[in-house]
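Q: Hey, dropping coords-v3.txt in here, compact mmCIF, N, CA and C atoms and all ligand atoms:
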# COMPACT_ATOMS: atom_id res chain seq x y z
N MET A 1 115.68 84.93 114.08
CA MET A 1 116.02 84.67 115.48
C MET A 1 116.44 85.98 116.16
N ALA A 2 115.98 86.14 117.39
CA ALA A 2 116.29 87.38 118.10
C ALA A 2 117.78 87.43 118.48
N ILE A 3 118.31 88.62 118.52
CA ILE A 3 119.74 88.80 118.77
C ILE A 3 120.01 89.13 120.24
N ASP A 4 121.29 89.03 120.58
CA ASP A 4 121.77 89.48 121.90
C ASP A 4 122.24 90.92 121.72
N ALA A 5 121.52 91.87 122.34
CA ALA A 5 121.82 93.30 122.13
C ALA A 5 123.11 93.75 122.80
N THR A 6 123.75 92.86 123.58
CA THR A 6 125.01 93.24 124.21
C THR A 6 126.22 92.85 123.36
N GLN A 7 125.97 92.20 122.22
CA GLN A 7 127.08 91.78 121.36
C GLN A 7 127.74 93.00 120.72
N PRO A 8 129.04 92.90 120.37
CA PRO A 8 129.66 93.99 119.63
C PRO A 8 129.05 94.11 118.23
N TYR A 9 129.15 95.29 117.64
CA TYR A 9 128.60 95.50 116.30
C TYR A 9 129.32 94.60 115.29
N ASP A 10 128.54 93.96 114.44
CA ASP A 10 129.09 93.07 113.40
C ASP A 10 128.54 93.56 112.05
N ASP A 11 129.44 94.05 111.19
CA ASP A 11 128.96 94.69 109.96
C ASP A 11 128.56 93.68 108.88
N SER A 12 128.41 92.39 109.25
CA SER A 12 127.86 91.44 108.28
C SER A 12 126.33 91.44 108.29
N ASN A 13 125.71 92.26 109.14
CA ASN A 13 124.23 92.27 109.19
C ASN A 13 123.64 92.90 107.92
N ILE A 14 122.37 92.57 107.68
CA ILE A 14 121.71 92.94 106.42
C ILE A 14 121.57 94.46 106.25
N PHE A 15 121.37 95.20 107.35
CA PHE A 15 121.21 96.65 107.20
C PHE A 15 122.56 97.33 106.94
N ALA A 16 123.64 96.76 107.47
CA ALA A 16 124.96 97.28 107.11
C ALA A 16 125.21 97.08 105.62
N ALA A 17 124.78 95.93 105.10
CA ALA A 17 124.94 95.67 103.66
C ALA A 17 124.08 96.65 102.85
N ILE A 18 122.88 96.96 103.34
CA ILE A 18 122.03 97.96 102.65
C ILE A 18 122.73 99.32 102.66
N LEU A 19 123.30 99.70 103.81
CA LEU A 19 124.01 101.00 103.88
C LEU A 19 125.19 101.05 102.91
N ARG A 20 125.85 99.92 102.70
CA ARG A 20 126.98 99.88 101.77
C ARG A 20 126.53 99.82 100.31
N GLY A 21 125.22 99.69 100.10
CA GLY A 21 124.69 99.64 98.74
C GLY A 21 124.79 98.27 98.11
N GLU A 22 125.01 97.23 98.93
CA GLU A 22 125.21 95.88 98.38
C GLU A 22 123.88 95.16 98.15
N ILE A 23 122.83 95.64 98.83
CA ILE A 23 121.51 95.00 98.73
C ILE A 23 120.50 96.09 98.40
N PRO A 24 119.64 95.84 97.41
CA PRO A 24 118.68 96.89 97.04
C PRO A 24 117.65 97.15 98.12
N ASN A 25 117.15 98.37 98.14
CA ASN A 25 116.09 98.70 99.09
C ASN A 25 115.25 99.81 98.48
N LYS A 26 114.04 99.97 99.00
CA LYS A 26 113.16 101.04 98.53
C LYS A 26 113.34 102.23 99.46
N THR A 27 114.32 103.08 99.13
CA THR A 27 114.65 104.24 99.97
C THR A 27 113.57 105.30 99.86
N VAL A 28 113.17 105.84 101.02
CA VAL A 28 112.24 106.98 101.01
C VAL A 28 112.92 108.26 101.47
N TYR A 29 114.05 108.15 102.16
CA TYR A 29 114.75 109.34 102.65
C TYR A 29 116.18 108.95 103.01
N GLU A 30 117.10 109.88 102.76
CA GLU A 30 118.49 109.66 103.17
C GLU A 30 119.13 111.00 103.45
N ASP A 31 119.90 111.07 104.53
CA ASP A 31 120.76 112.23 104.77
C ASP A 31 122.05 111.73 105.41
N GLU A 32 122.86 112.63 105.96
CA GLU A 32 124.16 112.18 106.47
C GLU A 32 124.05 111.31 107.72
N PHE A 33 122.90 111.34 108.38
CA PHE A 33 122.74 110.60 109.64
C PHE A 33 121.90 109.34 109.52
N ALA A 34 121.03 109.27 108.53
CA ALA A 34 120.01 108.22 108.53
C ALA A 34 119.62 107.80 107.12
N LEU A 35 119.14 106.55 107.05
CA LEU A 35 118.54 106.03 105.82
C LEU A 35 117.17 105.47 106.20
N ALA A 36 116.15 105.78 105.40
CA ALA A 36 114.80 105.26 105.64
C ALA A 36 114.35 104.52 104.40
N PHE A 37 113.79 103.34 104.61
CA PHE A 37 113.37 102.50 103.47
C PHE A 37 112.20 101.63 103.88
N HIS A 38 111.46 101.13 102.90
CA HIS A 38 110.30 100.29 103.17
C HIS A 38 110.74 98.94 103.73
N ASP A 39 110.02 98.47 104.77
CA ASP A 39 110.25 97.13 105.30
C ASP A 39 109.88 96.11 104.22
N ILE A 40 110.67 95.05 104.13
CA ILE A 40 110.44 94.03 103.10
C ILE A 40 109.19 93.20 103.39
N ASN A 41 108.75 93.19 104.64
CA ASN A 41 107.59 92.39 105.06
C ASN A 41 106.65 93.28 105.88
N PRO A 42 105.95 94.19 105.18
CA PRO A 42 105.20 95.24 105.91
C PRO A 42 104.10 94.70 106.82
N GLN A 43 104.01 95.29 108.01
CA GLN A 43 103.02 94.91 109.01
C GLN A 43 101.90 95.93 109.11
N ALA A 44 101.91 96.91 108.23
CA ALA A 44 100.89 97.97 108.19
C ALA A 44 100.88 98.51 106.76
N PRO A 45 99.84 99.26 106.37
CA PRO A 45 99.82 99.83 105.01
C PRO A 45 101.10 100.60 104.68
N LEU A 46 101.63 101.31 105.67
CA LEU A 46 102.94 101.95 105.51
C LEU A 46 103.84 101.45 106.63
N HIS A 47 104.95 100.84 106.27
CA HIS A 47 105.90 100.30 107.26
C HIS A 47 107.30 100.63 106.77
N ILE A 48 107.87 101.64 107.40
CA ILE A 48 109.20 102.15 107.02
C ILE A 48 110.17 101.88 108.16
N LEU A 49 111.39 101.51 107.80
CA LEU A 49 112.47 101.37 108.77
C LEU A 49 113.40 102.56 108.64
N VAL A 50 113.76 103.15 109.77
CA VAL A 50 114.73 104.25 109.77
C VAL A 50 115.95 103.76 110.55
N ILE A 51 117.11 103.84 109.92
CA ILE A 51 118.34 103.35 110.56
C ILE A 51 119.39 104.46 110.57
N PRO A 52 120.21 104.49 111.63
CA PRO A 52 121.31 105.46 111.63
C PRO A 52 122.42 105.00 110.71
N LYS A 53 123.19 105.95 110.18
CA LYS A 53 124.32 105.57 109.33
C LYS A 53 125.48 105.01 110.14
N GLY A 54 125.54 105.37 111.42
CA GLY A 54 126.61 104.87 112.28
C GLY A 54 126.37 103.41 112.66
N ALA A 55 127.43 102.78 113.16
CA ALA A 55 127.41 101.35 113.48
C ALA A 55 126.96 101.15 114.93
N TYR A 56 125.65 100.97 115.11
CA TYR A 56 125.07 100.77 116.45
C TYR A 56 124.19 99.53 116.43
N VAL A 57 124.39 98.65 117.42
CA VAL A 57 123.64 97.39 117.48
C VAL A 57 122.17 97.63 117.74
N SER A 58 121.87 98.53 118.66
CA SER A 58 120.50 98.68 119.15
C SER A 58 120.29 100.08 119.68
N TRP A 59 119.06 100.34 120.12
CA TRP A 59 118.76 101.62 120.77
C TRP A 59 119.64 101.79 122.01
N ASP A 60 119.89 100.70 122.72
CA ASP A 60 120.74 100.80 123.91
C ASP A 60 122.14 101.28 123.53
N ASP A 61 122.73 100.64 122.54
CA ASP A 61 124.07 101.00 122.08
C ASP A 61 124.10 102.45 121.60
N PHE A 62 123.08 102.83 120.83
CA PHE A 62 123.02 104.19 120.27
C PHE A 62 122.89 105.23 121.38
N SER A 63 122.02 104.97 122.33
CA SER A 63 121.78 105.96 123.40
C SER A 63 123.01 106.10 124.29
N ALA A 64 123.84 105.05 124.35
CA ALA A 64 125.04 105.10 125.19
C ALA A 64 126.23 105.72 124.46
N ARG A 65 126.37 105.47 123.16
CA ARG A 65 127.62 105.82 122.46
C ARG A 65 127.52 106.92 121.41
N ALA A 66 126.33 107.13 120.86
CA ALA A 66 126.23 108.12 119.77
C ALA A 66 126.43 109.53 120.32
N ASP A 67 127.00 110.40 119.49
CA ASP A 67 127.16 111.78 119.97
C ASP A 67 125.87 112.57 119.73
N ALA A 68 125.84 113.78 120.28
CA ALA A 68 124.60 114.57 120.27
C ALA A 68 124.13 114.87 118.84
N GLU A 69 125.08 115.09 117.95
CA GLU A 69 124.73 115.40 116.56
C GLU A 69 124.08 114.19 115.88
N GLU A 70 124.62 113.01 116.13
CA GLU A 70 124.05 111.78 115.55
C GLU A 70 122.65 111.52 116.11
N ILE A 71 122.49 111.73 117.41
CA ILE A 71 121.18 111.49 118.03
C ILE A 71 120.15 112.47 117.47
N ALA A 72 120.54 113.74 117.41
CA ALA A 72 119.61 114.74 116.88
C ALA A 72 119.29 114.44 115.41
N GLY A 73 120.32 114.09 114.64
CA GLY A 73 120.10 113.82 113.22
C GLY A 73 119.17 112.65 113.00
N PHE A 74 119.34 111.61 113.80
CA PHE A 74 118.51 110.41 113.65
C PHE A 74 117.06 110.71 114.05
N VAL A 75 116.90 111.36 115.17
CA VAL A 75 115.53 111.68 115.64
C VAL A 75 114.84 112.61 114.64
N ARG A 76 115.56 113.58 114.14
CA ARG A 76 114.95 114.51 113.16
C ARG A 76 114.61 113.78 111.86
N ALA A 77 115.43 112.82 111.46
CA ALA A 77 115.14 112.07 110.22
C ALA A 77 113.83 111.30 110.38
N ILE A 78 113.62 110.68 111.54
CA ILE A 78 112.38 109.94 111.77
C ILE A 78 111.18 110.89 111.67
N GLY A 79 111.28 112.03 112.33
CA GLY A 79 110.18 113.01 112.27
C GLY A 79 109.93 113.50 110.85
N HIS A 80 111.02 113.72 110.11
CA HIS A 80 110.90 114.20 108.73
C HIS A 80 110.16 113.16 107.87
N VAL A 81 110.53 111.90 108.02
CA VAL A 81 109.88 110.84 107.23
C VAL A 81 108.39 110.81 107.54
N ALA A 82 108.04 110.89 108.81
CA ALA A 82 106.62 110.86 109.19
C ALA A 82 105.87 112.05 108.58
N ARG A 83 106.47 113.23 108.67
CA ARG A 83 105.79 114.42 108.13
C ARG A 83 105.65 114.35 106.62
N THR A 84 106.69 113.91 105.92
CA THR A 84 106.63 113.89 104.46
C THR A 84 105.72 112.77 103.93
N HIS A 85 105.33 111.84 104.81
CA HIS A 85 104.35 110.82 104.43
C HIS A 85 102.96 111.15 104.98
N ASP A 86 102.77 112.41 105.41
CA ASP A 86 101.46 112.90 105.89
C ASP A 86 100.90 112.04 107.02
N LEU A 87 101.77 111.66 107.93
CA LEU A 87 101.34 110.77 109.01
C LEU A 87 100.98 111.50 110.30
N VAL A 88 101.28 112.78 110.39
CA VAL A 88 101.11 113.45 111.68
C VAL A 88 99.63 113.60 112.03
N ALA A 89 98.84 114.08 111.07
CA ALA A 89 97.41 114.29 111.37
C ALA A 89 96.69 112.97 111.68
N PRO A 90 96.84 111.93 110.87
CA PRO A 90 96.16 110.68 111.20
C PRO A 90 96.82 109.93 112.36
N GLY A 91 98.09 110.20 112.60
CA GLY A 91 98.82 109.51 113.65
C GLY A 91 99.59 108.31 113.12
N TYR A 92 100.53 107.88 113.90
CA TYR A 92 101.38 106.75 113.51
C TYR A 92 102.02 106.15 114.74
N ARG A 93 102.77 105.07 114.54
CA ARG A 93 103.44 104.40 115.66
C ARG A 93 104.91 104.21 115.35
N LEU A 94 105.76 104.46 116.36
CA LEU A 94 107.19 104.14 116.28
C LEU A 94 107.46 102.96 117.20
N LEU A 95 108.40 102.11 116.77
CA LEU A 95 108.74 100.93 117.58
C LEU A 95 110.22 100.60 117.38
N ALA A 96 110.91 100.39 118.48
CA ALA A 96 112.29 99.89 118.41
C ALA A 96 112.38 98.64 119.27
N ASN A 97 112.71 97.52 118.65
CA ASN A 97 112.90 96.27 119.37
C ASN A 97 114.36 96.19 119.82
N ILE A 98 114.57 95.78 121.06
CA ILE A 98 115.93 95.68 121.60
C ILE A 98 116.14 94.28 122.18
N GLY A 99 117.09 93.55 121.58
CA GLY A 99 117.50 92.26 122.13
C GLY A 99 116.43 91.19 122.10
N ALA A 100 116.70 90.12 122.84
CA ALA A 100 115.87 88.91 122.78
C ALA A 100 114.43 89.18 123.23
N ASN A 101 114.24 89.79 124.39
CA ASN A 101 112.87 90.03 124.86
C ASN A 101 112.13 91.01 123.97
N GLY A 102 112.85 91.91 123.32
CA GLY A 102 112.22 92.85 122.40
C GLY A 102 111.91 92.24 121.04
N GLY A 103 112.53 91.08 120.75
CA GLY A 103 112.31 90.43 119.45
C GLY A 103 113.12 91.05 118.33
N GLN A 104 114.25 91.69 118.67
CA GLN A 104 115.10 92.30 117.64
C GLN A 104 115.80 91.21 116.83
N GLU A 105 115.69 91.30 115.51
CA GLU A 105 116.29 90.27 114.65
C GLU A 105 117.51 90.76 113.88
N VAL A 106 117.55 92.05 113.60
CA VAL A 106 118.68 92.60 112.83
C VAL A 106 119.53 93.46 113.78
N PRO A 107 120.83 93.11 113.93
CA PRO A 107 121.66 93.79 114.92
C PRO A 107 122.26 95.11 114.43
N HIS A 108 121.44 95.94 113.82
CA HIS A 108 121.77 97.34 113.51
C HIS A 108 120.53 98.12 113.90
N LEU A 109 120.67 99.12 114.76
CA LEU A 109 119.50 99.88 115.25
C LEU A 109 118.55 100.25 114.12
N HIS A 110 117.29 99.98 114.34
CA HIS A 110 116.26 100.43 113.39
C HIS A 110 115.01 100.79 114.17
N VAL A 111 114.38 101.86 113.74
CA VAL A 111 113.08 102.25 114.29
C VAL A 111 112.04 101.96 113.22
N HIS A 112 111.01 101.20 113.63
CA HIS A 112 109.89 100.91 112.73
C HIS A 112 108.92 102.08 112.79
N LEU A 113 108.45 102.50 111.64
CA LEU A 113 107.43 103.54 111.55
C LEU A 113 106.22 102.91 110.86
N PHE A 114 105.11 102.83 111.59
CA PHE A 114 103.89 102.21 111.07
C PHE A 114 102.84 103.28 110.87
N GLY A 115 102.15 103.23 109.74
CA GLY A 115 101.08 104.18 109.50
C GLY A 115 100.05 103.63 108.55
N GLY A 116 98.98 104.39 108.37
CA GLY A 116 97.97 104.05 107.37
C GLY A 116 96.77 103.30 107.91
N LYS A 117 96.77 102.98 109.19
CA LYS A 117 95.59 102.35 109.79
C LYS A 117 95.65 102.57 111.31
N ARG A 118 94.53 102.27 111.96
CA ARG A 118 94.54 102.31 113.43
C ARG A 118 95.33 101.11 113.94
N MET A 119 96.37 101.37 114.71
CA MET A 119 97.24 100.30 115.17
C MET A 119 96.64 99.51 116.32
N GLY A 120 95.62 100.04 116.99
CA GLY A 120 95.12 99.35 118.19
C GLY A 120 95.93 99.76 119.39
N PRO A 121 95.52 99.30 120.57
CA PRO A 121 96.17 99.76 121.79
C PRO A 121 97.63 99.35 121.89
N MET A 122 97.98 98.14 121.43
CA MET A 122 99.36 97.66 121.52
C MET A 122 99.59 96.65 120.41
N LEU A 123 100.88 96.47 120.02
CA LEU A 123 101.19 95.42 119.05
C LEU A 123 101.52 94.10 119.73
N MET A 124 101.84 94.14 121.00
CA MET A 124 102.41 92.93 121.61
C MET A 124 101.34 91.87 121.88
N GLN A 125 101.78 90.60 121.81
CA GLN A 125 100.90 89.48 122.14
C GLN A 125 101.13 89.11 123.60
N ARG A 126 100.08 88.62 124.23
CA ARG A 126 100.23 88.19 125.64
C ARG A 126 100.76 86.77 125.71
P1 LIG B 201 113.25 93.57 114.10
O1 LIG B 201 112.48 92.34 114.44
O2 LIG B 201 114.74 93.31 114.15
O3 LIG B 201 112.83 94.76 114.92
O4 LIG B 201 112.83 93.96 112.64
C1 LIG B 201 113.58 93.65 111.50
C2 LIG B 201 112.78 94.08 110.30
O5 LIG B 201 113.62 94.08 109.18
C3 LIG B 201 111.60 93.15 109.98
O6 LIG B 201 110.39 93.92 110.00
C4 LIG B 201 111.93 92.62 108.58
O7 LIG B 201 110.80 92.47 107.76
C5 LIG B 201 112.89 93.66 108.06
N1 LIG B 201 113.87 93.17 107.10
C6 LIG B 201 114.67 92.08 107.25
N2 LIG B 201 115.48 91.93 106.18
C7 LIG B 201 115.19 92.97 105.35
C8 LIG B 201 115.71 93.36 104.08
O8 LIG B 201 116.59 92.75 103.50
N3 LIG B 201 115.18 94.49 103.52
C9 LIG B 201 114.20 95.20 104.15
N4 LIG B 201 113.74 96.29 103.49
N5 LIG B 201 113.68 94.86 105.35
C10 LIG B 201 114.18 93.75 105.93
Would you write the structure of this file as structure tokens?
A:
Amino acid sequence: MAIDATQPYDDSNIFAAILRGEIPNKTVYEDEFALAFHDINPQAPLHILVIPKGAYVSWDDFSARADAEEIAGFVRAIGHVARTHDLVAPGYRLLANIGANGGQEVPHLHVHLFGGKRMGPMLMQR
């Protein structure tokens, strides 16, 4: 079910549990700002989620409250994951769902990284 992106951060969400090491994940990259791991239900040959280590509900929350170092660290982590998976030359897609209309289901900011095939003009359904 899609979340309300204006809600306060609640650390009972599944990605907070992954960050605490309570739930296993297939990590592909980790640094002080971000964790990247394979999506449990991949929508492309390569489907990685990149999440900030800080407690942010959504892209909206992150863009409003994160400091410059966190923002730079998170953005650089996403780029690093794409480069180390050889995605730059063939191309790839980033996606962040925000709130109900965006279809966000997990209330901890995550950027989807899709690669390994032609994504088509858009993912959205009419
Ligand atoms: P959203 O719809 O919120 O943008 O995307 C949430 C994503 O998290 C979905 O693609 C879903 O497959 C993924 N996901 C949900 N629970 C887990 C989990 O426990 N582990 C992993 N690796 N991915 C999850």
Q: Determine, for each residue of chain A having at least one atom at most 6 Å from an atom of ligand LIG 201 (chain B), the closest pair of atoms and their separation in Å to one decimal, counting only N, CA and C atoms and all ligand atoms; order by chain and ascending number, as CSV.
A:
residue,atom,partner,partner_atom,distance
A:Ile14,CA,B:LIG201,O8,5.9
A:Asn25,CA,B:LIG201,N4,5.5
A:Lys26,N,B:LIG201,N4,5.8
A:Phe37,C,B:LIG201,N4,5.6
A:His38,C,B:LIG201,N4,4.0
A:Asp39,C,B:LIG201,N4,3.9
A:Ile40,N,B:LIG201,N5,3.3
A:Asn41,N,B:LIG201,O7,3.8
A:Pro42,N,B:LIG201,O7,5.8
A:Ala96,C,B:LIG201,O3,5.8
A:Asn97,N,B:LIG201,O3,4.6
A:Gly103,C,B:LIG201,O1,4.1
A:Gln104,C,B:LIG201,O2,3.6
A:Glu105,N,B:LIG201,O2,2.6
A:Val106,N,B:LIG201,O2,3.1
Q: May I have the selected residues written with N, CA and C atoms, as a short mmCIF file (atom, residue, chain, number, x, y, z; two decimals), keeping the file's coordinate frame?
A:
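Output below, filename again.cif:
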data_model
loop_
_atom_site.label_atom_id
_atom_site.label_comp_id
_atom_site.auth_asym_id
_atom_site.auth_seq_id
_atom_site.Cartn_x
_atom_site.Cartn_y
_atom_site.Cartn_z
N ILE A 14 122.37 92.57 107.68
CA ILE A 14 121.71 92.94 106.42
C ILE A 14 121.57 94.46 106.25
N ASN A 25 117.15 98.37 98.14
CA ASN A 25 116.09 98.70 99.09
C ASN A 25 115.25 99.81 98.48
N LYS A 26 114.04 99.97 99.00
CA LYS A 26 113.16 101.04 98.53
C LYS A 26 113.34 102.23 99.46
N PHE A 37 113.79 103.34 104.61
CA PHE A 37 113.37 102.50 103.47
C PHE A 37 112.20 101.63 103.88
N HIS A 38 111.46 101.13 102.90
CA HIS A 38 110.30 100.29 103.17
C HIS A 38 110.74 98.94 103.73
N ASP A 39 110.02 98.47 104.77
CA ASP A 39 110.25 97.13 105.30
C ASP A 39 109.88 96.11 104.22
N ILE A 40 110.67 95.05 104.13
CA ILE A 40 110.44 94.03 103.10
C ILE A 40 109.19 93.20 103.39
N ASN A 41 108.75 93.19 104.64
CA ASN A 41 107.59 92.39 105.06
C ASN A 41 106.65 93.28 105.88
N PRO A 42 105.95 94.19 105.18
CA PRO A 42 105.20 95.24 105.91
C PRO A 42 104.10 94.70 106.82
N ALA A 96 110.91 100.39 118.48
CA ALA A 96 112.29 99.89 118.41
C ALA A 96 112.38 98.64 119.27
N ASN A 97 112.71 97.52 118.65
CA ASN A 97 112.90 96.27 119.37
C ASN A 97 114.36 96.19 119.82
N GLY A 103 112.53 91.08 120.75
CA GLY A 103 112.31 90.43 119.45
C GLY A 103 113.12 91.05 118.33
N GLN A 104 114.25 91.69 118.67
CA GLN A 104 115.10 92.30 117.64
C GLN A 104 115.80 91.21 116.83
N GLU A 105 115.69 91.30 115.51
CA GLU A 105 116.29 90.27 114.65
C GLU A 105 117.51 90.76 113.88
N VAL A 106 117.55 92.05 113.60
CA VAL A 106 118.68 92.60 112.83
C VAL A 106 119.53 93.46 113.78
#
Q: Run DSSP on the backbone and give me the residues of chain A it puts in strand (DSSP E or B), as a count of residues only.
A: 24
Q: Using all atoms listed in the file, determine which residues lie at most 5 Å from region 115-119 of chain A, disregarding the query and same-chain residues fewer than 6 positions distant; provide the list as a PyMOL selection string.
A: chain A and resi 45-46+92
Q: Could you give me, as a list in words, the residues within 8 Å of region 65-75 of chain A, counting only N, CA and C atoms and dropping anything in the same chain fewer than 2 positions from it?
A: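 Contacts, in chain order: Glu32, Phe33, Ala34, Leu35, Val50, Ile51, Pro52, Lys53, Gly54, Tyr56, Trp59, Asp60, Asp61, Phe62, Ser63, Ala77, Ile78, Gly79, His80 and Val81 of chain A.
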Q: What's the separation between CA of Phe15 (chain A) and CA of Leu95 (chain A), in Å to one decimal place?
A: 16.8 Å
Q: Could you find all residues in chain A that DSSP calls alpha helix (DSSP H) from the backbone, and write them as a PyMOL selection string?
A: chain A and resi 14-19+59-65+68-84+99-102
Q: Output the selection as an mmCIF file, in the coordinates of the input - N, CA and C atoms for each residue.
A:
data_model
loop_
_atom_site.group_PDB
_atom_site.id
_atom_site.type_symbol
_atom_site.label_atom_id
_atom_site.label_comp_id
_atom_site.auth_asym_id
_atom_site.auth_seq_id
_atom_site.Cartn_x
_atom_site.Cartn_y
_atom_site.Cartn_z
ATOM 1 N N ILE A 14 122.370 92.570 107.680
ATOM 2 C CA ILE A 14 121.710 92.940 106.420
ATOM 3 C C ILE A 14 121.570 94.460 106.250
ATOM 4 N N PHE A 15 121.370 95.200 107.350
ATOM 5 C CA PHE A 15 121.210 96.650 107.200
ATOM 6 C C PHE A 15 122.560 97.330 106.940
ATOM 7 N N ALA A 16 123.640 96.760 107.470
ATOM 8 C CA ALA A 16 124.960 97.280 107.110
ATOM 9 C C ALA A 16 125.210 97.080 105.620
ATOM 10 N N ALA A 17 124.780 95.930 105.100
ATOM 11 C CA ALA A 17 124.940 95.670 103.660
ATOM 12 C C ALA A 17 124.080 96.650 102.850
ATOM 13 N N ILE A 18 122.880 96.960 103.340
ATOM 14 C CA ILE A 18 122.030 97.960 102.650
ATOM 15 C C ILE A 18 122.730 99.320 102.660
ATOM 16 N N LEU A 19 123.300 99.700 103.810
ATOM 17 C CA LEU A 19 124.010 101.000 103.880
ATOM 18 C C LEU A 19 125.190 101.050 102.910
ATOM 19 N N TRP A 59 119.060 100.340 120.120
ATOM 20 C CA TRP A 59 118.760 101.620 120.770
ATOM 21 C C TRP A 59 119.640 101.790 122.010
ATOM 22 N N ASP A 60 119.890 100.700 122.720
ATOM 23 C CA ASP A 60 120.740 100.800 123.910
ATOM 24 C C ASP A 60 122.140 101.280 123.530
ATOM 25 N N ASP A 61 122.730 100.640 122.540
ATOM 26 C CA ASP A 61 124.070 101.000 122.080
ATOM 27 C C ASP A 61 124.100 102.450 121.600
ATOM 28 N N PHE A 62 123.080 102.830 120.830
ATOM 29 C CA PHE A 62 123.020 104.190 120.270
ATOM 30 C C PHE A 62 122.890 105.230 121.380
ATOM 31 N N SER A 63 122.020 104.970 122.330
ATOM 32 C CA SER A 63 121.780 105.960 123.400
ATOM 33 C C SER A 63 123.010 106.100 124.290
ATOM 34 N N ALA A 64 123.840 105.050 124.350
ATOM 35 C CA ALA A 64 125.040 105.100 125.190
ATOM 36 C C ALA A 64 126.230 105.720 124.460
ATOM 37 N N ARG A 65 126.370 105.470 123.160
ATOM 38 C CA ARG A 65 127.620 105.820 122.460
ATOM 39 C C ARG A 65 127.520 106.920 121.410
ATOM 40 N N ALA A 68 125.840 113.780 120.280
ATOM 41 C CA ALA A 68 124.600 114.570 120.270
ATOM 42 C C ALA A 68 124.130 114.870 118.840
ATOM 43 N N GLU A 69 125.080 115.090 117.950
ATOM 44 C CA GLU A 69 124.730 115.400 116.560
ATOM 45 C C GLU A 69 124.080 114.190 115.880
ATOM 46 N N GLU A 70 124.620 113.010 116.130
ATOM 47 C CA GLU A 70 124.050 111.780 115.550
ATOM 48 C C GLU A 70 122.650 111.520 116.110
ATOM 49 N N ILE A 71 122.490 111.730 117.410
ATOM 50 C CA ILE A 71 121.180 111.490 118.030
ATOM 51 C C ILE A 71 120.150 112.470 117.470
ATOM 52 N N ALA A 72 120.540 113.740 117.410
ATOM 53 C CA ALA A 72 119.610 114.740 116.880
ATOM 54 C C ALA A 72 119.290 114.440 115.410
ATOM 55 N N GLY A 73 120.320 114.090 114.640
ATOM 56 C CA GLY A 73 120.100 113.820 113.220
ATOM 57 C C GLY A 73 119.170 112.650 113.000
ATOM 58 N N PHE A 74 119.340 111.610 113.800
ATOM 59 C CA PHE A 74 118.510 110.410 113.650
ATOM 60 C C PHE A 74 117.060 110.710 114.050
ATOM 61 N N VAL A 75 116.900 111.360 115.170
ATOM 62 C CA VAL A 75 115.530 111.680 115.640
ATOM 63 C C VAL A 75 114.840 112.610 114.640
ATOM 64 N N ARG A 76 115.560 113.580 114.140
ATOM 65 C CA ARG A 76 114.950 114.510 113.160
ATOM 66 C C ARG A 76 114.610 113.780 111.860
ATOM 67 N N ALA A 77 115.430 112.820 111.460
ATOM 68 C CA ALA A 77 115.140 112.070 110.220
ATOM 69 C C ALA A 77 113.830 111.300 110.380
ATOM 70 N N ILE A 78 113.620 110.680 111.540
ATOM 71 C CA ILE A 78 112.380 109.940 111.770
ATOM 72 C C ILE A 78 111.180 110.890 111.670
ATOM 73 N N GLY A 79 111.280 112.030 112.330
ATOM 74 C CA GLY A 79 110.180 113.010 112.270
ATOM 75 C C GLY A 79 109.930 113.500 110.850
ATOM 76 N N HIS A 80 111.020 113.720 110.110
ATOM 77 C CA HIS A 80 110.900 114.200 108.730
ATOM 78 C C HIS A 80 110.160 113.160 107.870
ATOM 79 N N VAL A 81 110.530 111.900 108.020
ATOM 80 C CA VAL A 81 109.880 110.840 107.230
ATOM 81 C C VAL A 81 108.390 110.810 107.540
ATOM 82 N N ALA A 82 108.040 110.890 108.810
ATOM 83 C CA ALA A 82 106.620 110.860 109.190
ATOM 84 C C ALA A 82 105.870 112.050 108.580
ATOM 85 N N ARG A 83 106.470 113.230 108.670
ATOM 86 C CA ARG A 83 105.790 114.420 108.130
ATOM 87 C C ARG A 83 105.650 114.350 106.620
ATOM 88 N N THR A 84 106.690 113.910 105.920
ATOM 89 C CA THR A 84 106.630 113.890 104.460
ATOM 90 C C THR A 84 105.720 112.770 103.930
ATOM 91 N N GLY A 99 117.090 93.550 121.580
ATOM 92 C CA GLY A 99 117.500 92.260 122.130
ATOM 93 C C GLY A 99 116.430 91.190 122.100
ATOM 94 N N ALA A 100 116.700 90.120 122.840
ATOM 95 C CA ALA A 100 115.870 88.910 122.780
ATOM 96 C C ALA A 100 114.430 89.180 123.230
ATOM 97 N N ASN A 101 114.240 89.790 124.390
ATOM 98 C CA ASN A 101 112.870 90.030 124.860
ATOM 99 C C ASN A 101 112.130 91.010 123.970
ATOM 100 N N GLY A 102 112.850 91.910 123.320
ATOM 101 C CA GLY A 102 112.220 92.850 122.400
ATOM 102 C C GLY A 102 111.910 92.240 121.040
#
Q: Please report the interatomic distance between atom C of Ile48 (chain A) and atom C of Ala36 (chain A) in Å with one decimal.
A: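 Separation between atom C of Ile48 (chain A) and atom C of Ala36 (chain A): 6.2 Å.
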Q: Which is closer to Ala5 (chain A) than all the others in A:Leu87, A:Ile23, A:Ile98, A:Ile18, using only N, CA and C atoms?
A: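 Checking each of A:Leu87, A:Ile23, A:Ile98, A:Ile18 against Ala5 (chain A), counting only N, CA and C atoms, the winner is A:Ile98.
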Q: Calculate how many Å separate CA of Gly21 (chain A) from CA of Leu49 (chain A), rounding to one decimal.
A: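 Rounded to one decimal, the two atoms are 15.9 Å apart.
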